[in-house]
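What follows is the content of structure_11.cif (mmCIF, C-alpha atoms and all ligand atoms).
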data_work
loop_
_atom_site.label_atom_id
_atom_site.label_comp_id
_atom_site.auth_asym_id
_atom_site.auth_seq_id
_atom_site.Cartn_x
_atom_site.Cartn_y
_atom_site.Cartn_z
CA MET A 867 -60.17 15.95 -36.21
CA PRO A 868 -57.10 16.14 -38.49
CA VAL A 869 -53.98 17.15 -36.55
CA ALA A 870 -53.38 20.00 -39.04
CA GLU A 871 -56.31 21.80 -37.38
CA LEU A 872 -54.59 21.90 -33.99
CA PRO A 873 -52.47 25.05 -34.55
CA SER A 874 -55.52 27.13 -35.50
CA ARG A 875 -57.45 25.71 -32.51
CA HIS A 876 -54.71 27.01 -30.19
CA PRO A 877 -53.41 30.12 -31.96
CA ASP A 878 -51.80 31.90 -29.03
CA PRO A 879 -49.68 28.98 -27.72
CA TRP A 880 -48.81 28.04 -31.29
CA ARG A 881 -47.65 31.58 -32.05
CA ALA A 882 -45.54 31.61 -28.88
CA ALA A 883 -43.82 28.38 -29.95
CA THR A 884 -43.24 29.31 -33.60
CA ARG A 885 -42.62 33.09 -33.51
CA HIS A 886 -40.26 33.18 -30.56
CA PRO A 887 -37.77 36.03 -29.93
CA PHE A 888 -34.97 33.44 -30.12
CA LEU A 889 -35.85 32.77 -33.77
CA ASP A 890 -36.24 36.50 -34.49
CA ALA A 891 -32.71 36.95 -33.20
CA VAL A 892 -31.43 34.03 -35.30
CA ARG A 893 -32.99 35.68 -38.34
CA ASP A 894 -31.56 39.11 -37.51
CA GLY A 895 -28.16 37.89 -36.32
CA THR A 896 -28.65 39.42 -32.87
CA VAL A 897 -28.83 36.18 -30.90
CA PRO A 898 -26.03 36.20 -28.32
CA ALA A 899 -23.53 33.43 -29.10
CA ALA A 900 -23.87 32.11 -25.54
CA ALA A 901 -27.63 31.75 -25.93
CA PHE A 902 -27.25 29.97 -29.25
CA ASP A 903 -24.59 27.65 -27.89
CA THR A 904 -26.69 26.80 -24.85
CA TRP A 905 -29.66 26.02 -27.08
CA LEU A 906 -27.47 23.88 -29.39
CA VAL A 907 -26.04 21.72 -26.61
CA GLN A 908 -29.45 21.19 -25.01
CA ASP A 909 -31.09 20.50 -28.37
CA ALA A 910 -28.54 17.80 -29.15
CA ARG A 911 -29.51 16.22 -25.85
CA PHE A 912 -33.20 16.55 -26.71
CA VAL A 913 -32.65 14.83 -30.07
CA SER A 914 -30.92 11.98 -28.27
CA ASP A 915 -33.96 11.66 -25.99
CA LEU A 916 -36.26 11.91 -29.02
CA LEU A 917 -34.40 9.08 -30.76
CA ALA A 918 -34.99 6.81 -27.78
CA PHE A 919 -38.66 7.83 -27.58
CA GLN A 920 -39.22 7.29 -31.29
CA ALA A 921 -37.58 3.85 -31.16
CA ARG A 922 -39.99 2.86 -28.38
CA LEU A 923 -42.91 4.29 -30.36
CA LEU A 924 -41.93 2.34 -33.49
CA ALA A 925 -42.13 -0.87 -31.49
CA ARG A 926 -45.86 -0.34 -30.88
CA ALA A 927 -46.82 1.62 -33.99
CA PRO A 928 -49.49 0.38 -36.36
CA ARG A 929 -48.31 -1.04 -39.65
CA PRO A 930 -48.97 2.12 -41.79
CA ALA A 931 -46.89 4.31 -39.42
CA GLN A 932 -43.80 2.08 -39.38
CA ALA A 933 -42.05 3.40 -42.50
CA VAL A 934 -42.15 7.08 -41.57
CA LEU A 935 -41.05 6.35 -38.00
CA ALA A 936 -38.21 4.06 -39.10
CA GLY A 937 -37.03 6.58 -41.72
CA GLY A 938 -37.17 9.27 -39.06
CA LEU A 939 -34.99 7.18 -36.75
CA VAL A 940 -32.25 6.96 -39.38
CA ALA A 941 -32.52 10.73 -39.88
CA LEU A 942 -32.21 11.28 -36.12
CA VAL A 943 -29.01 9.23 -35.99
CA ASP A 944 -27.60 11.34 -38.84
CA GLU A 945 -28.79 14.48 -37.08
CA LEU A 946 -26.84 13.54 -33.95
CA SER A 947 -23.69 13.35 -36.11
CA TRP A 948 -24.56 16.77 -37.54
CA PHE A 949 -24.92 18.16 -34.01
CA GLU A 950 -21.51 16.71 -33.13
CA GLU A 951 -19.99 18.46 -36.14
CA GLN A 952 -21.65 21.79 -35.25
CA ALA A 953 -20.51 21.47 -31.65
CA ALA A 954 -16.94 20.76 -32.75
CA VAL A 955 -16.92 23.82 -35.01
CA ARG A 956 -18.20 25.99 -32.17
CA GLY A 957 -15.98 24.36 -29.54
CA LEU A 958 -18.88 23.07 -27.46
CA ASP A 959 -19.01 20.16 -25.05
CA LEU A 960 -22.12 18.08 -25.77
CA ASP A 961 -21.69 16.32 -22.44
CA ALA A 962 -22.45 19.54 -20.55
CA ALA A 963 -25.07 19.37 -17.79
CA VAL A 964 -28.67 18.76 -18.79
CA LEU A 965 -30.76 21.83 -17.93
CA PRO A 966 -34.08 21.42 -16.09
CA VAL A 967 -36.20 22.25 -19.15
CA THR A 968 -34.47 19.51 -21.16
CA ALA A 969 -34.95 17.01 -18.34
CA ALA A 970 -38.62 18.02 -18.10
CA TYR A 971 -39.08 17.48 -21.84
CA ALA A 972 -37.48 14.03 -21.52
CA GLY A 973 -39.97 13.34 -18.75
CA LEU A 974 -42.83 14.27 -21.07
CA LEU A 975 -41.46 11.90 -23.74
CA GLY A 976 -41.29 9.17 -21.14
CA ARG A 977 -44.89 9.73 -20.07
CA LEU A 978 -45.99 9.43 -23.70
CA ASP A 979 -44.90 5.78 -23.62
CA ALA A 980 -47.90 5.09 -21.41
CA THR A 981 -50.43 6.86 -23.64
CA ASP A 982 -52.39 5.45 -26.55
CA VAL A 983 -50.42 5.32 -29.81
CA GLY A 984 -52.54 8.08 -31.37
CA THR A 985 -51.57 10.48 -28.60
CA ALA A 986 -47.87 9.66 -28.97
CA LEU A 987 -48.03 10.10 -32.77
CA THR A 988 -49.82 13.43 -32.37
CA ALA A 989 -47.11 14.52 -29.93
CA LEU A 990 -44.34 13.54 -32.34
CA TRP A 991 -46.00 15.39 -35.22
CA THR A 992 -46.39 18.46 -32.97
CA ILE A 993 -42.69 18.32 -32.00
CA GLU A 994 -41.56 18.29 -35.61
CA ARG A 995 -44.17 20.69 -36.99
CA THR A 996 -43.15 23.23 -34.36
CA TYR A 997 -39.55 23.17 -35.58
CA LEU A 998 -40.60 23.36 -39.23
CA ASP A 999 -42.76 26.44 -38.64
CA ALA A 1000 -40.42 28.10 -36.12
CA TRP A 1001 -37.33 27.84 -38.32
CA SER A 1002 -39.33 28.79 -41.41
CA ALA A 1003 -40.13 32.08 -39.68
CA ALA A 1004 -36.38 32.65 -39.22
CA ARG A 1005 -35.66 32.41 -42.96
CA PRO A 1006 -33.25 33.14 -44.48
CA GLY A 1007 -31.38 33.62 -41.19
CA ALA A 1008 -28.28 35.64 -40.49
CA PRO A 1009 -25.29 34.22 -42.44
CA GLU A 1010 -23.70 32.59 -39.39
CA TYR A 1011 -26.92 30.71 -38.57
CA ARG A 1012 -28.16 30.02 -42.11
CA GLY A 1013 -27.10 26.39 -42.01
CA PHE A 1014 -29.35 25.81 -39.01
CA VAL A 1015 -32.30 27.54 -40.68
CA GLU A 1016 -31.77 25.46 -43.81
CA HIS A 1017 -31.53 22.25 -41.76
CA TRP A 1018 -35.12 22.59 -40.51
CA THR A 1019 -36.66 24.17 -43.61
CA GLN A 1020 -35.39 21.88 -46.37
CA PRO A 1021 -38.04 20.14 -48.50
CA GLY A 1022 -37.07 16.72 -47.13
CA PHE A 1023 -37.87 17.85 -43.61
CA ALA A 1024 -41.23 19.29 -44.67
CA GLY A 1025 -41.95 15.96 -46.36
CA TYR A 1026 -41.11 14.10 -43.17
CA VAL A 1027 -43.50 16.30 -41.18
CA ALA A 1028 -46.20 15.59 -43.78
CA GLY A 1029 -45.57 11.87 -43.37
CA LEU A 1030 -45.92 12.14 -39.61
CA GLU A 1031 -49.16 14.07 -40.13
CA ALA A 1032 -50.58 11.19 -42.18
CA ALA A 1033 -49.45 8.70 -39.53
CA ALA A 1034 -51.04 10.73 -36.74
CA ASP A 1035 -54.26 11.14 -38.70
CA GLY A 1036 -54.42 7.38 -39.13
CA VAL A 1037 -54.87 6.73 -35.40
CA PRO A 1038 -57.23 8.87 -33.30
CA ALA A 1039 -55.71 10.37 -30.15
CA ALA A 1040 -57.59 10.16 -26.86
CA ASP A 1041 -57.22 13.93 -26.37
CA ALA A 1042 -55.35 15.58 -29.22
CA ASP A 1043 -55.87 19.12 -27.88
CA ALA A 1044 -54.36 18.24 -24.52
CA VAL A 1045 -51.23 16.60 -25.86
CA PHE A 1046 -50.77 19.33 -28.48
CA THR A 1047 -50.87 22.12 -25.89
CA GLU A 1048 -48.58 20.19 -23.55
CA VAL A 1049 -45.95 19.71 -26.26
CA VAL A 1050 -46.27 23.30 -27.45
CA ALA A 1051 -45.72 24.54 -23.89
CA ALA A 1052 -42.57 22.40 -23.66
CA GLU A 1053 -41.34 23.94 -26.92
CA VAL A 1054 -41.92 27.49 -25.64
CA ALA A 1055 -40.06 26.65 -22.44
CA PHE A 1056 -37.18 25.28 -24.51
CA TRP A 1057 -36.81 28.53 -26.51
CA ASP A 1058 -37.17 30.53 -23.28
CA MET A 1059 -34.29 28.54 -21.79
CA ALA A 1060 -31.99 29.66 -24.61
CA VAL A 1061 -32.95 33.32 -24.27
CA GLU A 1062 -32.61 33.22 -20.49
CA ALA A 1063 -29.12 31.73 -20.87
CA ALA A 1064 -27.94 34.93 -22.59
C1 LIG B 1 -37.09 19.41 -32.44
C2 LIG B 1 -35.85 19.66 -31.85
C3 LIG B 1 -37.19 18.84 -33.83
N1 LIG B 1 -34.69 19.40 -32.47
N2 LIG B 1 -35.80 20.24 -30.61
C4 LIG B 1 -36.94 20.51 -29.97
C5 LIG B 1 -36.87 21.11 -28.61
N3 LIG B 1 -38.13 20.29 -30.53
C6 LIG B 1 -38.22 19.75 -31.75
O1 LIG B 1 -36.64 17.55 -33.87
P1 LIG B 1 -35.63 17.19 -35.06
O2 LIG B 1 -35.31 15.76 -34.91
O3 LIG B 1 -34.41 18.06 -34.89
O4 LIG B 1 -36.33 17.50 -36.34
#
File written out as structure tokens:
Amino acid sequence: MPVAELPSRHPDPWRAATRHPFLDAVRDGTVPAAAFDTWLVQDARFVSDLLAFQARLLARAPRPAQAVLAGGLVALVDELSWFEEQAAVRGLDLDAAVLPVTAAYAGLLGRLDATDVGTALTALWTIERTYLDAWSAARPGAPEYRGFVEHWTQPGFAGYVAGLEAAADGVPAADADAVFTEVVAAEVAFWDMAVEAA
């Protein structure tokens, strides 16, 4: 089964992860600054965890998946610099405490190290496709958040997600539905964390 079929196989969880009230509020400009700032600090931490996970995944990836994973690693390093710039502008401390939902997501990434490569690639595609669709639904975004919306909706990012899709489709996952729904649930919990912080 191509991974692109997974969202339509699980429409309700997928909708919860990609049409979240947090993104509605980013679009409308009604997101409380405290909620946005909490999300930003935790997301920077998540990206740091994702970089480590993806580096481990590259080490065991099949030959055709190496280029997209290696390119993604460079982009993640650049993205961490971008987070540092955004945090500086907003006066945020990126060393703030890791919230439980972020720690739980890091735990999920760690468990993926022990799965078959197809499962880990399907998880990574799900992680990125969720952000592409979720931020696309927030377009164009309120002026103060437009840079964030553009970050995850630019053509280069969509191209990266397409590359991950091809990589995931190249290696069958033991249970694609299970890992997809687990990642999607972690994404919903992550948005919920931001809203609850308000
Ligand atoms: C992504 C992210 C997308 N930044 N945060 C979460 C919770 N899920 C997915 O990753 P990237 O590297 O920002 O595209």
Distance table requested - chain A against ligand LIG 1 (chain B), cut-off 6 Å, only C-alpha atoms and all ligand atoms: one row per qualifying residue with the closest atom pair and its distance in Å to one decimal, ordered by chain and rising residue number, as a tab-separated table.
residue	atom	partner	partner_atom	distance
A:Asp909	CA	B:LIG1	N2	5.2
A:Phe912	CA	B:LIG1	N2	6.0
A:Val913	CA	B:LIG1	N1	5.6
A:Leu942	CA	B:LIG1	O2	5.6
A:Ile993	CA	B:LIG1	C6	4.7
A:Glu994	CA	B:LIG1	C3	4.8
A:Tyr997	CA	B:LIG1	C3	5.2
A:Glu1053	CA	B:LIG1	C5	5.6
A:Phe1056	CA	B:LIG1	C5	5.9
Please report, as JSON lines, each residue of stretch 890-989 of chain A lying at most 7 Å from stretch 1059-1064 of chain A, together with the nearest pair of atoms and the separation in Å rounded to one decimal; use only C-alpha atoms, and order rows by chain and ascending residue number.
{"residue": "A:Pro898", "atom": "CA", "partner": "A:Ala1064", "partner_atom": "CA", "distance": 6.2}
{"residue": "A:Ala900", "atom": "CA", "partner": "A:Ala1064", "partner_atom": "CA", "distance": 5.8}
{"residue": "A:Ala901", "atom": "CA", "partner": "A:Ala1064", "partner_atom": "CA", "distance": 4.6}
{"residue": "A:Phe902", "atom": "CA", "partner": "A:Ala1060", "partner_atom": "CA", "distance": 6.6}
{"residue": "A:Thr904", "atom": "CA", "partner": "A:Ala1060", "partner_atom": "CA", "distance": 6.0}
{"residue": "A:Trp905", "atom": "CA", "partner": "A:Ala1060", "partner_atom": "CA", "distance": 5.0}
File of the preceding selection, C-alpha atoms, as an mmCIF file, keeping the file's coordinate frame:
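Saved as result-v7.cif:
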data_model
loop_
_atom_site.group_PDB
_atom_site.id
_atom_site.type_symbol
_atom_site.label_atom_id
_atom_site.label_comp_id
_atom_site.auth_asym_id
_atom_site.auth_seq_id
_atom_site.Cartn_x
_atom_site.Cartn_y
_atom_site.Cartn_z
ATOM 1 C CA PRO A 898 -26.030 36.200 -28.320
ATOM 2 C CA ALA A 900 -23.870 32.110 -25.540
ATOM 3 C CA ALA A 901 -27.630 31.750 -25.930
ATOM 4 C CA PHE A 902 -27.250 29.970 -29.250
ATOM 5 C CA THR A 904 -26.690 26.800 -24.850
ATOM 6 C CA TRP A 905 -29.660 26.020 -27.080
#
Mind pulling up the distance from atom CA of A:Ala882 to atom CA of A:Ala1039?
->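 Between these atoms lies a distance of 23.6 Å.
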For each of A:Ala870, A:Val892, A:Ala921, A:Val1054, take the minimum atom-to-atom distance to A:Val943, counting only C-alpha atoms, then give the residue where this is smallest.
->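 Of all the options, A:Ala921 lies closest to A:Val943.
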Point-to-point distance from atom CA of A:Ala910 to atom CA of A:Pro879, Å rounded to tenths =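 Spanning atom CA of A:Ala910 to atom CA of A:Pro879 is a straight-line distance of 24.0 Å.
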Choose the residue, out of A:Asp999, A:Asp894, A:Gly1025, A:Asp903, that has the smallest atom-to-atom separation from A:Ala962; count only C-alpha atoms.
->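 Closest to A:Ala962 of all the choices is A:Asp903.
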Figure out the distance between atom CA of A:Ala1044 and atom CA of A:Ala933, please, to one decimal in Å.
-> 26.4 Å
Long-range neighbours of A:Pro873 as a ChimeraX atom specification, 12 Å cut-off, all atoms listed in the file, 4 positions minimum in chain = /A:868-869,877-884,991-992,995-996,999,1042-1043,1046-1047,1049-1050
In terms of the shortest atom-to-atom distance over all atoms listed in the file, which of A:His1017, A:Arg893, A:His886, A:Arg977 is closest to A:Ala1004?
->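 Among the listed residues, the smallest separation from A:Ala1004 belongs to A:Arg893.
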Could you pull out every residue with an atom within 8 Å of (-42.0, 13.5, -40.8), file coordinates, counting all atoms listed in the file, and send them as a list of chain:residue names?
->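 Residues found, by chain and rising number: A:Val934, A:Leu935, A:Gly938, A:Trp991, A:Glu994, A:Phe1023, A:Ala1024, A:Gly1025, A:Tyr1026, A:Val1027, A:Ala1028, A:Gly1029, A:Leu1030, A:Glu1031.
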